[in-house]
file work_29.cif (mmCIF, C-alpha atoms)
data_final
#
loop_
_atom_site.group_PDB
_atom_site.id
_atom_site.type_symbol
_atom_site.label_atom_id
_atom_site.label_comp_id
_atom_site.auth_asym_id
_atom_site.auth_seq_id
_atom_site.Cartn_x
_atom_site.Cartn_y
_atom_site.Cartn_z
ATOM 1 C CA MET L 28 6.442 13.816 -16.734
ATOM 2 C CA PRO L 29 7.963 10.344 -16.284
ATOM 3 C CA THR L 30 10.954 9.449 -18.412
ATOM 4 C CA LEU L 31 10.987 6.243 -20.440
ATOM 5 C CA VAL L 32 14.395 4.658 -20.663
ATOM 6 C CA VAL L 33 14.938 1.440 -22.599
ATOM 7 C CA ALA L 34 18.331 -0.130 -21.990
ATOM 8 C CA ASP L 35 20.320 -1.164 -25.074
ATOM 9 C CA ASN L 36 20.405 -4.778 -23.935
ATOM 10 C CA GLN L 37 16.953 -4.971 -22.394
ATOM 11 C CA LEU L 38 13.894 -3.970 -24.383
ATOM 12 C CA ALA L 39 10.711 -3.223 -22.488
ATOM 13 C CA ARG L 40 8.377 -6.148 -23.041
ATOM 14 C CA SER L 41 4.797 -5.816 -24.195
ATOM 15 C CA HIS L 42 2.448 -8.602 -23.120
ATOM 16 C CA THR L 43 -0.955 -9.308 -24.555
ATOM 17 C CA GLY L 44 -2.627 -9.038 -21.167
ATOM 18 C CA GLU L 45 -4.117 -12.544 -21.139
ATOM 19 C CA MET L 46 -2.275 -13.359 -17.897
ATOM 20 C CA ASP L 47 -3.736 -10.341 -16.109
ATOM 21 C CA GLY L 48 -0.935 -10.486 -13.580
ATOM 22 C CA ALA L 49 -1.429 -14.165 -12.735
ATOM 23 C CA ASN L 50 1.850 -16.011 -12.183
ATOM 24 C CA GLN L 51 3.689 -12.681 -12.117
ATOM 25 C CA ALA L 52 5.084 -10.460 -9.385
ATOM 26 C CA VAL L 53 6.004 -6.849 -8.941
ATOM 27 C CA PHE L 54 8.774 -6.800 -6.351
ATOM 28 C CA LEU L 55 8.773 -3.594 -4.347
ATOM 29 C CA ASP L 56 11.622 -1.928 -2.514
ATOM 30 C CA LEU L 57 10.524 -0.255 0.729
ATOM 31 C CA ASN L 58 12.495 2.842 1.782
ATOM 32 C CA GLY L 59 12.552 5.414 -0.991
ATOM 33 C CA THR L 60 9.966 3.542 -3.051
ATOM 34 C CA ILE L 61 6.946 3.078 -0.769
ATOM 35 C CA VAL L 62 7.936 4.927 2.406
ATOM 36 C CA LEU L 63 10.309 7.607 3.669
ATOM 37 C CA PRO L 64 12.778 8.414 5.159
ATOM 38 C CA LEU L 65 15.592 6.501 3.505
ATOM 39 C CA LYS L 66 17.488 6.188 6.784
ATOM 40 C CA GLN L 67 15.014 6.049 9.644
ATOM 41 C CA GLN L 68 16.194 6.046 13.233
ATOM 42 C CA SER L 69 12.958 4.462 14.457
ATOM 43 C CA LEU L 70 10.049 2.659 12.860
ATOM 44 C CA ASN L 71 7.672 5.399 13.977
ATOM 45 C CA GLU L 72 9.336 7.806 11.541
ATOM 46 C CA MET L 73 8.239 5.972 8.429
ATOM 47 C CA SER L 74 5.434 7.468 6.364
ATOM 48 C CA LEU L 75 3.850 6.560 3.051
ATOM 49 C CA ILE L 76 5.020 8.244 -0.150
ATOM 50 C CA LEU L 77 2.156 10.136 -1.794
ATOM 51 C CA ASP L 78 -0.315 7.798 -3.529
ATOM 52 C CA ALA L 79 1.926 4.745 -3.091
ATOM 53 C CA ASP L 80 -0.997 2.855 -1.554
ATOM 54 C CA HIS L 81 -3.215 3.570 -4.575
ATOM 55 C CA ALA L 82 -0.477 2.403 -6.961
ATOM 56 C CA ILE L 83 0.044 -0.826 -5.020
ATOM 57 C CA ARG L 84 -3.691 -1.465 -4.923
ATOM 58 C CA ARG L 85 -3.827 -1.185 -8.729
ATOM 59 C CA LEU L 86 -1.060 -3.785 -9.039
ATOM 60 C CA LEU L 87 -2.828 -6.121 -6.629
ATOM 61 C CA ASP L 88 -6.184 -5.638 -8.358
ATOM 62 C CA PHE L 89 -4.549 -6.554 -11.668
ATOM 63 C CA GLY L 90 -3.513 -9.846 -10.122
ATOM 64 C CA PHE L 91 0.182 -9.327 -9.421
ATOM 65 C CA THR L 92 1.795 -10.787 -6.323
ATOM 66 C CA CYS L 93 3.650 -7.918 -4.604
ATOM 67 C CA PRO L 94 6.517 -9.052 -2.368
ATOM 68 C CA VAL L 95 8.574 -6.424 -0.554
ATOM 69 C CA VAL L 96 12.340 -6.987 -0.636
ATOM 70 C CA THR L 97 14.178 -4.598 1.655
ATOM 71 C CA VAL L 98 17.564 -3.953 3.222
ATOM 72 C CA GLN L 99 17.160 -2.943 6.869
ATOM 73 C CA ALA L 100 20.720 -2.519 8.120
ATOM 74 C CA ARG L 101 19.420 -0.801 11.250
ATOM 75 C CA ILE L 102 18.404 -4.210 12.523
ATOM 76 C CA GLU L 103 22.062 -5.234 12.743
ATOM 77 C CA LYS L 104 22.908 -1.800 14.136
ATOM 78 C CA GLY L 105 20.463 -2.422 16.984
ATOM 79 C CA LEU L 106 17.986 0.418 16.363
ATOM 80 C CA PHE L 107 15.138 -2.096 16.199
ATOM 81 C CA THR L 108 14.793 -5.863 15.989
ATOM 82 C CA GLU L 109 13.669 -7.899 13.023
ATOM 83 C CA THR L 110 10.612 -8.971 15.026
ATOM 84 C CA GLU L 111 9.724 -5.315 15.658
ATOM 85 C CA PHE L 112 10.226 -4.491 11.987
ATOM 86 C CA ARG L 113 7.993 -7.347 10.849
ATOM 87 C CA ARG L 114 5.313 -6.319 13.339
ATOM 88 C CA TRP L 115 5.486 -2.712 12.071
ATOM 89 C CA PHE L 116 5.229 -3.939 8.459
ATOM 90 C CA SER L 117 2.178 -6.087 9.179
ATOM 91 C CA ASP L 118 0.407 -3.352 11.157
ATOM 92 C CA PHE L 119 1.273 -0.497 8.765
ATOM 93 C CA PHE L 120 0.218 -2.168 5.534
ATOM 94 C CA GLY L 121 -2.563 -4.163 7.136
ATOM 95 C CA ALA L 122 -4.183 -0.889 8.218
ATOM 96 C CA LEU L 123 -4.068 0.198 4.560
ATOM 97 C CA GLY L 124 -5.670 -3.056 3.420
ATOM 98 C CA LEU L 125 -2.687 -3.964 1.231
ATOM 99 C CA ASP L 126 -1.769 -7.630 0.883
ATOM 100 C CA LEU L 127 1.973 -7.199 0.485
ATOM 101 C CA LYS L 128 4.007 -10.401 0.774
ATOM 102 C CA GLY L 129 6.953 -10.753 3.091
ATOM 103 C CA PRO L 130 8.783 -8.684 3.976
ATOM 104 C CA TYR L 131 11.868 -10.402 2.609
ATOM 105 C CA VAL L 132 14.557 -8.768 4.691
ATOM 106 C CA CYS L 133 18.314 -8.395 4.516
ATOM 107 C CA PRO L 134 19.184 -7.181 8.048
ATOM 108 C CA HIS L 135 22.896 -6.669 7.437
ATOM 109 C CA ARG L 136 25.114 -3.613 7.041
ATOM 110 C CA TYR L 137 26.124 -2.714 3.497
ATOM 111 C CA THR L 138 29.769 -3.531 4.319
ATOM 112 C CA TYR L 139 28.813 -7.111 5.222
ATOM 113 C CA ARG L 140 28.929 -9.455 2.231
ATOM 114 C CA CYS L 141 25.882 -11.677 2.660
ATOM 115 C CA ALA L 142 23.801 -13.962 0.451
ATOM 116 C CA CYS L 143 20.649 -11.912 1.069
ATOM 117 C CA GLU L 144 21.990 -8.503 0.033
ATOM 118 C CA LYS L 145 20.759 -6.885 -3.162
ATOM 119 C CA PRO L 146 21.224 -7.597 -6.029
ATOM 120 C CA ASN L 147 21.667 -11.266 -5.062
ATOM 121 C CA ARG L 148 18.748 -13.488 -6.021
ATOM 122 C CA LEU L 149 18.232 -15.256 -2.688
ATOM 123 C CA LEU L 150 15.241 -13.273 -1.382
ATOM 124 C CA TYR L 151 13.628 -13.045 -4.829
ATOM 125 C CA ASP L 152 13.961 -16.789 -5.351
ATOM 126 C CA GLN L 153 12.508 -17.388 -1.907
ATOM 127 C CA ALA L 154 9.439 -15.264 -2.700
ATOM 128 C CA ALA L 155 8.954 -17.027 -6.047
ATOM 129 C CA SER L 156 9.130 -20.401 -4.292
ATOM 130 C CA ASP L 157 6.702 -19.274 -1.583
ATOM 131 C CA PHE L 158 4.064 -17.902 -3.974
ATOM 132 C CA LYS L 159 4.678 -19.858 -7.195
ATOM 133 C CA PHE L 160 5.113 -17.110 -9.775
ATOM 134 C CA SER L 161 7.453 -16.741 -12.742
ATOM 135 C CA LEU L 162 10.496 -14.592 -12.056
ATOM 136 C CA GLU L 163 11.152 -14.085 -15.767
ATOM 137 C CA ASP L 164 7.726 -12.461 -16.240
ATOM 138 C CA SER L 165 8.061 -10.271 -13.157
ATOM 139 C CA TYR L 166 9.089 -6.688 -12.419
ATOM 140 C CA VAL L 167 11.046 -4.814 -9.756
ATOM 141 C CA ILE L 168 10.309 -1.246 -8.659
ATOM 142 C CA GLY L 169 13.041 0.410 -6.611
ATOM 143 C CA ASP L 170 15.182 3.490 -6.178
ATOM 144 C CA SER L 171 18.695 2.058 -6.544
ATOM 145 C CA PRO L 172 20.781 0.352 -9.248
ATOM 146 C CA GLN L 173 20.827 -2.766 -7.053
ATOM 147 C CA ASP L 174 17.063 -3.148 -7.518
ATOM 148 C CA VAL L 175 17.449 -3.098 -11.302
ATOM 149 C CA GLN L 176 20.466 -5.414 -11.174
ATOM 150 C CA ALA L 177 18.417 -7.905 -9.167
ATOM 151 C CA ALA L 178 15.762 -7.911 -11.895
ATOM 152 C CA GLN L 179 18.428 -8.497 -14.519
ATOM 153 C CA ARG L 180 19.782 -11.489 -12.602
ATOM 154 C CA PHE L 181 16.474 -13.314 -12.893
ATOM 155 C CA ALA L 182 15.668 -11.956 -16.402
ATOM 156 C CA GLY L 183 12.903 -9.717 -15.085
ATOM 157 C CA THR L 184 12.213 -6.032 -15.783
ATOM 158 C CA GLY L 185 13.631 -3.283 -13.563
ATOM 159 C CA CYS L 186 11.989 0.094 -12.939
ATOM 160 C CA LEU L 187 13.603 3.007 -11.098
ATOM 161 C CA VAL L 188 11.838 5.796 -9.215
ATOM 162 C CA LYS L 189 13.110 9.213 -8.143
ATOM 163 C CA THR L 190 11.557 9.313 -4.655
ATOM 164 C CA GLY L 191 14.627 7.828 -2.967
ATOM 165 C CA TRP L 192 18.318 7.824 -3.783
ATOM 166 C CA PRO L 193 19.479 10.067 -6.637
ATOM 167 C CA ILE L 194 19.324 8.284 -9.984
ATOM 168 C CA THR L 195 22.811 7.396 -11.186
ATOM 169 C CA GLU L 196 23.878 7.082 -14.798
ATOM 170 C CA GLU L 197 24.418 3.382 -14.122
ATOM 171 C CA GLY L 198 20.865 3.011 -12.905
ATOM 172 C CA ARG L 199 19.389 5.062 -15.731
ATOM 173 C CA ALA L 200 21.248 3.049 -18.368
ATOM 174 C CA SER L 201 20.207 -0.333 -16.987
ATOM 175 C CA ALA L 202 16.559 0.363 -16.080
ATOM 176 C CA SER L 203 13.750 -0.396 -18.514
ATOM 177 C CA PHE L 204 11.796 2.534 -17.072
ATOM 178 C CA VAL L 205 12.623 5.583 -14.971
ATOM 179 C CA GLY L 206 9.738 7.542 -13.434
ATOM 180 C CA ASP L 207 9.058 10.115 -10.776
ATOM 181 C CA SER L 208 7.407 7.664 -8.379
ATOM 182 C CA ILE L 209 5.809 4.260 -7.922
ATOM 183 C CA VAL L 210 2.692 5.765 -9.482
ATOM 184 C CA ASP L 211 4.510 6.308 -12.790
ATOM 185 C CA ALA L 212 6.130 2.862 -12.636
ATOM 186 C CA THR L 213 2.735 1.266 -12.018
ATOM 187 C CA ASP L 214 1.230 3.119 -14.986
ATOM 188 C CA TRP L 215 4.063 1.888 -17.191
ATOM 189 C CA ILE L 216 3.877 -1.739 -16.010
ATOM 190 C CA LEU L 217 0.125 -1.924 -16.521
ATOM 191 C CA GLN L 218 0.546 -0.410 -19.958
ATOM 192 C CA GLN L 219 3.076 -3.127 -20.868
ATOM 193 C CA GLU L 220 0.703 -5.788 -19.623
ATOM 194 C CA SER L 221 -2.136 -4.315 -21.692
ATOM 195 C CA GLY L 222 -0.219 -4.628 -24.928
ATOM 196 C CA GLY L 223 1.077 -1.066 -24.820
ATOM 197 C CA LYS L 224 -2.378 0.485 -24.562
ATOM 198 C CA PRO L 225 -2.807 3.253 -21.949
ATOM 199 C CA ASN L 226 -4.426 2.101 -18.703
ATOM 200 C CA LEU L 227 -7.264 4.402 -17.747
#
call {"tool": "encode", "arguments": {"input": "work_29.cif", "output": "structure tokens"}}
result
Amino acid sequence: MPTLVVADNQLARSHTGEMDGANQAVFLDLNGTIVLPLKQQSLNEMSLILDADHAIRRLLDFGFTCPVVTVQARIEKGLFTETEFRRWFSDFFGALGLDLKGPYVCPHRYTYRCACEKPNRLLYDQAASDFKFSLEDSYVIGDSPQDVQAAQRFAGTGCLVKTGWPITEEGRASASFVGDSIVDATDWILQQESGGKPNL
């Protein structure tokens, strides 16, 4: 069963549902949230996490914009190019019929201090500018504390999933929701947007 965690300083919001996802986004991390492995050596290794496509389709059908914000340090390491990664992204999710925006990519190693690294706002602000949605009414689903911290920086709502990196106490304390997978996070988000009523 998914675990609901409400941070002391960040209550989970309950909307009335009149927006139906319009002017809102659900930002999605990639590795560990939608696909595995966490540390791929080639793009051909990546495979979809169970039912991630169905969860994403529910978010899209509700009206959310779904940008993918991802750190791909293997670009800087030379395992594949950013062009190759973007082509893989377009082909992989296009074949699934999923209109994911982006990807918004940080290609740098974790030791490199850059403006595009998580939890900096740069890539999130860029997506909001590109697609004209409200950051404050938006969500982030990811598998690391940095994903939740990014949501906090733009006053959004951060959700953590257990399909990637181990959940830390820091992440658990700061997330508005912790669930087993993107499926659980999607259920929870849609419930918030329906005024707290279960989504069937």
call {"tool": "resolve_selection", "arguments": {"input": "work_29.cif", "expression": "the PyMOL selection byres ((chain L and resi 170) around 10)", "output": "PyMOL selection string"}}
result
chain L and resi 55-61+167-169+171-175+186-195+198+205-206+208-209
call {"tool": "write_last_selection", "arguments": {"input": "work_29.cif", "atoms": "C-alpha atoms", "output": "PDB file, keeping the file's coordinate frame"}}
result
ATOM      1  CA  LEU L  55       8.773  -3.594  -4.347  1.00  0.00           C
ATOM      2  CA  ASP L  56      11.622  -1.928  -2.514  1.00  0.00           C
ATOM      3  CA  LEU L  57      10.524  -0.255   0.729  1.00  0.00           C
ATOM      4  CA  ASN L  58      12.495   2.842   1.782  1.00  0.00           C
ATOM      5  CA  GLY L  59      12.552   5.414  -0.991  1.00  0.00           C
ATOM      6  CA  THR L  60       9.966   3.542  -3.051  1.00  0.00           C
ATOM      7  CA  ILE L  61       6.946   3.078  -0.769  1.00  0.00           C
ATOM      8  CA  VAL L 167      11.046  -4.814  -9.756  1.00  0.00           C
ATOM      9  CA  ILE L 168      10.309  -1.246  -8.659  1.00  0.00           C
ATOM     10  CA  GLY L 169      13.041   0.410  -6.611  1.00  0.00           C
ATOM     11  CA  SER L 171      18.695   2.058  -6.544  1.00  0.00           C
ATOM     12  CA  PRO L 172      20.781   0.352  -9.248  1.00  0.00           C
ATOM     13  CA  GLN L 173      20.827  -2.766  -7.053  1.00  0.00           C
ATOM     14  CA  ASP L 174      17.063  -3.148  -7.518  1.00  0.00           C
ATOM     15  CA  VAL L 175      17.449  -3.098 -11.302  1.00  0.00           C
ATOM     16  CA  CYS L 186      11.989   0.094 -12.939  1.00  0.00           C
ATOM     17  CA  LEU L 187      13.603   3.007 -11.098  1.00  0.00           C
ATOM     18  CA  VAL L 188      11.838   5.796  -9.215  1.00  0.00           C
ATOM     19  CA  LYS L 189      13.110   9.213  -8.143  1.00  0.00           C
ATOM     20  CA  THR L 190      11.557   9.313  -4.655  1.00  0.00           C
ATOM     21  CA  GLY L 191      14.627   7.828  -2.967  1.00  0.00           C
ATOM     22  CA  TRP L 192      18.318   7.824  -3.783  1.00  0.00           C
ATOM     23  CA  PRO L 193      19.479  10.067  -6.637  1.00  0.00           C
ATOM     24  CA  ILE L 194      19.324   8.284  -9.984  1.00  0.00           C
ATOM     25  CA  THR L 195      22.811   7.396 -11.186  1.00  0.00           C
ATOM     26  CA  GLY L 198      20.865   3.011 -12.905  1.00  0.00           C
ATOM     27  CA  VAL L 205      12.623   5.583 -14.971  1.00  0.00           C
ATOM     28  CA  GLY L 206       9.738   7.542 -13.434  1.00  0.00           C
ATOM     29  CA  SER L 208       7.407   7.664  -8.379  1.00  0.00           C
ATOM     30  CA  ILE L 209       5.809   4.260  -7.922  1.00  0.00           C
TER      31      ILE L 209
END
call {"tool": "residues_near_point", "arguments": {"input": "work_29.cif", "point": "(9.9, -10.6, -2.1)", "cutoff": "7 Å", "atoms": "all atoms listed in the file", "output": "list of chain:residue names"}}
result
L:Phe54, L:Pro94, L:Val95, L:Val96, L:Lys128, L:Gly129, L:Pro130, L:Tyr131, L:Leu150, L:Tyr151, L:Ala154
call {"tool": "residues_around", "arguments": {"input": "work_29.cif", "residues": "Asp126 in chain L", "least_positions_apart": "5", "cutoff": "8 Å", "atoms": "only C-alpha atoms", "output": "PyMOL selection string"}}
result
chain L and resi 87+93+120-121
call {"tool": "residues_around", "arguments": {"input": "work_29.cif", "residues": "Cys143 in chain L", "least_positions_apart": "2", "cutoff": "12 Å", "atoms": "all atoms listed in the file", "output": "MDAnalysis selection string"}}
result
chainID L and resid 96:100 131:137 139:141 145:153 177
call {"tool": "residues_around", "arguments": {"input": "work_29.cif", "residues": "Phe112 in chain L", "least_positions_apart": "2", "cutoff": "10 Å", "atoms": "all atoms listed in the file", "output": "PyMOL selection string"}}
result
chain L and resi 69-70+99+101-102+107-110+114-118+130+132
call {"tool": "atom_distance", "arguments": {"input": "work_29.cif", "atom1": "CA of Ser156 in chain L", "atom2": "CA of Trp215 in chain L"}}
result
26.2 Å
call {"tool": "residues_around", "arguments": {"input": "work_29.cif", "residues": "Glu163 in chain L", "least_positions_apart": "5", "cutoff": "8 Å", "atoms": "all atoms listed in the file", "output": "number ranges by chain"}}
result
L: 181-183
call {"tool": "atom_distance", "arguments": {"input": "work_29.cif", "atom1": "CA of Ala52 in chain L", "atom2": "CA of Ala200 in chain L"}}
result
22.9 Å
call {"tool": "atom_distance", "arguments": {"input": "work_29.cif", "atom1": "CA of Glu144 in chain L", "atom2": "CA of Asp164 in chain L"}}
result
22.0 Å
call {"tool": "closest_residue", "arguments": {"input": "work_29.cif", "among": "L:Glu196, L:Glu220, L:Asp88, L:Asp207", "to": "Ser165 in chain L", "atoms": "all atoms listed in the file"}}
result
L:Glu220
call {"tool": "closest_residue", "arguments": {"input": "work_29.cif", "among": "L:Leu86, L:Leu106, L:Val210, L:Ala122", "to": "Asp47 in chain L", "atoms": "all atoms listed in the file"}}
result
L:Leu86
call {"tool": "closest_residue", "arguments": {"input": "work_29.cif", "among": "L:Gly105, L:Gly90, L:Gly185, L:Pro64", "to": "Leu217 in chain L", "atoms": "all atoms listed in the file"}}
result
L:Gly90
call {"tool": "closest_residue", "arguments": {"input": "work_29.cif", "among": "L:Glu197, L:Phe158, L:Ala212, L:Glu103", "to": "Thr184 in chain L", "atoms": "only C-alpha atoms"}}
result
L:Ala212
call {"tool": "axis_aligned_box", "arguments": {"input": "work_29.cif", "around": "range 186-199 of chain L", "padding_each_side": "4 Å", "output": "JSON"}}
result
{"center_x": 18.0, "center_y": 5.1, "center_z": -9.3, "size_x": 20.9, "size_y": 18.0, "size_z": 20.8}
call {"tool": "residues_around", "arguments": {"input": "work_29.cif", "residues": "Phe119 in chain L", "least_positions_apart": "5", "cutoff": "12 Å", "atoms": "only C-alpha atoms", "output": "JSON, numbers by chain"}}
result
{"L": [61, 62, 70, 71, 72, 73, 74, 75, 80, 111, 112, 113, 114, 124, 125, 126, 127]}
